[in-house]
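Student: What follows is a structure written as structure tokens; I'll ask about it next.
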Amino acid sequence: MSIIQTAPEAEATGRTAEIYAEDRQVLGYVPSHTRVLSVHPEALAAWKALQSTIAGSMGMRRFELVTLAAALGIGSRHCRLAHGNKSLKFIGEEELVRIACDYRDAGLSEAEVAMMDFAQKLSTDSVAMTDADSLRLRDIGFGDREIVDIALAAAARNYLSRVLQALAVDVDLPPGLSQVLHDALLEPLGHNDAVAC
């Protein structure tokens with residue numbers, strides 16, 4: 001549980017109240033990370049703008065696949081659950097369960113697996129990355145802008161996930177997330193209760 005003191009919904013005012021209302025409208029609830037990050041609303045707005053710009057450039061399916069792979073590399077339960085839930089808008093649950101369990105054996109295209117491999121490596125051992133990692137993406141058919149977008153999406157996930165981990169922000173269970181998908185998203189992280197894979 002984070003030590004950061006946040007405004008309860010009923011007491012939120014000004015920009016914080018607006019931020020809460022936006023998430024309630026889009027997500028149906030106000031996540032713990034929104035409460036904590038709204039302590040610095042300008043930084044939260046900048047983060048949302050960056051995320052939106054990257055996602056808009058690369059497309060939502062690719063953005064969510066890269067995000068899930070980066071969150072796997074970081075070990076972020078926050079982002080695996082939140083973006084597993086968001087991914088349902090672009091990926092059917094049955095396919096998403098397979099991706100969450102093992103994206104390399106989920107029937108994805110070679111290009112999708114390659115960009116997820118890149119995102120996971122960036123999130124686990126970026127110092128070991130070389131031109132070979134980017135060249136693999138180029139050889140599969142990604143252009144320079146697409147390669148940059150993949151790196152940006154993965155690095156942006158590292159930024160937010162590490163902030164949430166560092167501040168011990170509570171992990172939310174998105175409303176309506178099935179137990180099967182929940183377990184599939186967390187099992188690769190070594191979550192003891194997750195048995196879907």
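Each chain of the structure tokens is named A, B, ... in the order shown, its residues numbered from 1; ligands are numbered from 1 in display order.
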Which parts of chain A does DSSP call helix (DSSP H, G or I) when run on the backbone here, written out as a PyMOL selection string?
Tutor: chain A and resi 9-11+14-27+32-37+41-58+60-74+77-87+93-105+110-128+131-140+144-166+179-189
Student: Write out, as a compact mmCIF listing (two decimals), in the first residue's frame, the residues just selected, with C-alpha atoms.
Tutor:
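Output file selection.txt follows:
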# COMPACT_ATOMS: atom_id res chain seq x y z
CA GLU A 9 -13.35 10.65 -4.71
CA ALA A 10 -15.95 12.43 -2.60
CA GLU A 11 -13.42 15.07 -1.53
CA GLY A 14 -10.39 20.97 -9.27
CA ARG A 15 -8.15 19.10 -11.70
CA THR A 16 -8.04 16.02 -9.44
CA ALA A 17 -11.83 15.73 -9.55
CA GLU A 18 -11.71 16.06 -13.34
CA ILE A 19 -9.06 13.32 -13.60
CA TYR A 20 -11.12 11.00 -11.41
CA ALA A 21 -14.25 11.70 -13.46
CA GLU A 22 -12.43 10.95 -16.73
CA ASP A 23 -11.29 7.53 -15.49
CA ARG A 24 -14.69 6.73 -14.00
CA GLN A 25 -16.29 7.50 -17.37
CA VAL A 26 -13.78 5.48 -19.41
CA LEU A 27 -13.00 2.62 -17.02
CA SER A 32 -5.16 3.32 -7.56
CA HIS A 33 -2.50 4.56 -9.98
CA THR A 34 -4.73 7.46 -11.03
CA ARG A 35 -5.21 8.45 -7.40
CA VAL A 36 -1.47 8.44 -6.73
CA LEU A 37 -0.40 10.12 -9.98
CA PRO A 41 -1.71 16.30 -12.37
CA GLU A 42 0.54 18.01 -14.93
CA ALA A 43 2.86 15.00 -15.08
CA LEU A 44 -0.13 12.66 -15.34
CA ALA A 45 -1.53 14.72 -18.22
CA ALA A 46 1.85 14.62 -19.98
CA TRP A 47 2.03 10.84 -19.49
CA LYS A 48 -1.45 10.35 -20.95
CA ALA A 49 -0.58 12.57 -23.93
CA LEU A 50 2.62 10.61 -24.58
CA GLN A 51 0.84 7.27 -24.33
CA SER A 52 -1.94 8.46 -26.63
CA THR A 53 0.53 9.79 -29.20
CA ILE A 54 2.48 6.53 -29.31
CA ALA A 55 -0.65 4.35 -29.46
CA GLY A 56 -2.16 6.53 -32.17
CA SER A 57 0.94 6.15 -34.30
CA MET A 58 1.29 2.38 -34.05
CA MET A 60 -4.01 -0.10 -30.58
CA ARG A 61 -3.49 -3.84 -31.13
CA ARG A 62 0.25 -3.42 -31.57
CA PHE A 63 0.41 -0.94 -28.70
CA GLU A 64 -1.34 -3.35 -26.32
CA LEU A 65 0.77 -6.34 -27.39
CA VAL A 66 3.99 -4.39 -26.84
CA THR A 67 2.65 -3.10 -23.52
CA LEU A 68 1.79 -6.61 -22.30
CA ALA A 69 5.26 -7.87 -23.28
CA ALA A 70 6.99 -4.95 -21.58
CA ALA A 71 4.89 -5.42 -18.45
CA LEU A 72 5.88 -9.10 -18.47
CA GLY A 73 9.55 -8.16 -18.66
CA ILE A 74 9.21 -5.69 -15.80
CA ARG A 77 1.04 -6.97 -12.11
CA HIS A 78 -0.46 -3.46 -12.32
CA CYS A 79 0.06 -3.16 -16.05
CA ARG A 80 -0.56 -6.80 -16.97
CA LEU A 81 -4.03 -6.61 -15.42
CA ALA A 82 -4.91 -3.09 -16.57
CA HIS A 83 -3.75 -3.61 -20.14
CA GLY A 84 -5.03 -7.17 -20.29
CA ASN A 85 -8.43 -5.65 -19.60
CA LYS A 86 -7.92 -2.81 -22.12
CA SER A 87 -6.74 -5.31 -24.74
CA GLU A 93 -10.51 -13.15 -24.74
CA GLU A 94 -9.64 -16.65 -25.94
CA GLU A 95 -6.74 -15.34 -28.03
CA LEU A 96 -5.69 -12.98 -25.26
CA VAL A 97 -5.49 -15.84 -22.75
CA ARG A 98 -3.15 -17.70 -25.12
CA ILE A 99 -1.05 -14.55 -25.62
CA ALA A 100 -0.87 -13.93 -21.87
CA CYS A 101 0.23 -17.50 -21.16
CA ASP A 102 2.89 -17.65 -23.90
CA TYR A 103 2.82 -15.12 -26.73
CA ARG A 104 5.37 -17.15 -28.70
CA ASP A 105 2.90 -20.06 -28.88
CA GLU A 110 6.11 -13.46 -36.82
CA ALA A 111 6.05 -9.65 -36.75
CA GLU A 112 3.92 -9.54 -33.58
CA VAL A 113 6.14 -12.06 -31.80
CA ALA A 114 9.26 -10.12 -32.84
CA MET A 115 7.97 -6.81 -31.51
CA MET A 116 6.94 -8.48 -28.24
CA ASP A 117 10.38 -10.09 -27.95
CA PHE A 118 11.93 -6.64 -28.48
CA ALA A 119 9.69 -5.10 -25.80
CA GLN A 120 10.40 -7.85 -23.30
CA LYS A 121 14.16 -7.62 -23.85
CA LEU A 122 14.06 -3.82 -23.52
CA SER A 123 12.26 -4.33 -20.21
CA THR A 124 14.60 -6.98 -18.81
CA ASP A 125 18.05 -6.24 -20.21
CA SER A 126 18.11 -3.10 -22.35
CA VAL A 127 21.84 -2.63 -21.82
CA ALA A 128 22.43 -5.86 -23.77
CA ASP A 131 21.58 -3.18 -33.61
CA ALA A 132 20.70 -6.85 -34.10
CA ASP A 133 17.52 -6.36 -32.07
CA SER A 134 16.32 -3.51 -34.27
CA LEU A 135 17.54 -5.23 -37.44
CA ARG A 136 15.37 -8.24 -36.64
CA LEU A 137 12.36 -5.92 -36.69
CA ARG A 138 13.50 -4.31 -39.94
CA ASP A 139 14.13 -7.71 -41.58
CA ILE A 140 10.55 -8.74 -40.76
CA ASP A 144 12.07 3.04 -39.01
CA ARG A 145 9.01 4.86 -37.60
CA GLU A 146 7.47 1.55 -36.55
CA ILE A 147 10.68 0.42 -34.85
CA VAL A 148 10.88 3.71 -32.96
CA ASP A 149 7.20 3.37 -31.97
CA ILE A 150 7.79 -0.13 -30.59
CA ALA A 151 10.76 1.11 -28.55
CA LEU A 152 8.78 4.12 -27.32
CA ALA A 153 5.79 2.01 -26.28
CA ALA A 154 7.97 -0.45 -24.37
CA ALA A 155 10.08 2.27 -22.73
CA ALA A 156 6.97 4.25 -21.77
CA ARG A 157 5.58 1.15 -20.06
CA ASN A 158 8.85 0.82 -18.16
CA TYR A 159 8.47 4.41 -16.97
CA LEU A 160 4.98 4.00 -15.58
CA SER A 161 5.37 0.47 -14.24
CA ARG A 162 8.52 1.36 -12.33
CA VAL A 163 6.86 4.44 -10.83
CA LEU A 164 3.94 2.31 -9.62
CA GLN A 165 6.27 -0.34 -8.22
CA ALA A 166 8.51 2.23 -6.53
CA GLN A 179 -10.77 -15.27 -13.53
CA VAL A 180 -9.33 -17.19 -16.48
CA LEU A 181 -7.82 -14.06 -18.04
CA HIS A 182 -6.70 -12.76 -14.63
CA ASP A 183 -4.79 -15.99 -14.01
CA ALA A 184 -3.33 -16.10 -17.52
CA LEU A 185 -2.00 -12.55 -17.15
CA LEU A 186 -0.38 -13.19 -13.77
CA GLU A 187 0.85 -16.79 -14.02
CA PRO A 188 3.92 -15.92 -16.16
CA LEU A 189 4.92 -13.47 -13.40
Student: I'd like the interatomic distance between atom CA of A:Ser178 and atom CA of A:Ser2, to a tenth of an Å.
Tutor: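 Straight-line distance from atom CA of A:Ser178 to atom CA of A:Ser2 works out to 26.2 Å.
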Student: To one decimal place in Å, what is the distance between atom CA of A:Leu108 and atom CA of A:Val171?
Tutor: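 Spanning atom CA of A:Leu108 to atom CA of A:Val171 is a straight-line distance of 28.3 Å.
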Student: I'd like the interatomic distance between atom CA of A:Ser109 and atom CA of A:Ile91, to a tenth of an Å.
Tutor: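 Taking atom CA of A:Ser109 and atom CA of A:Ile91, their separation equals 13.8 Å.
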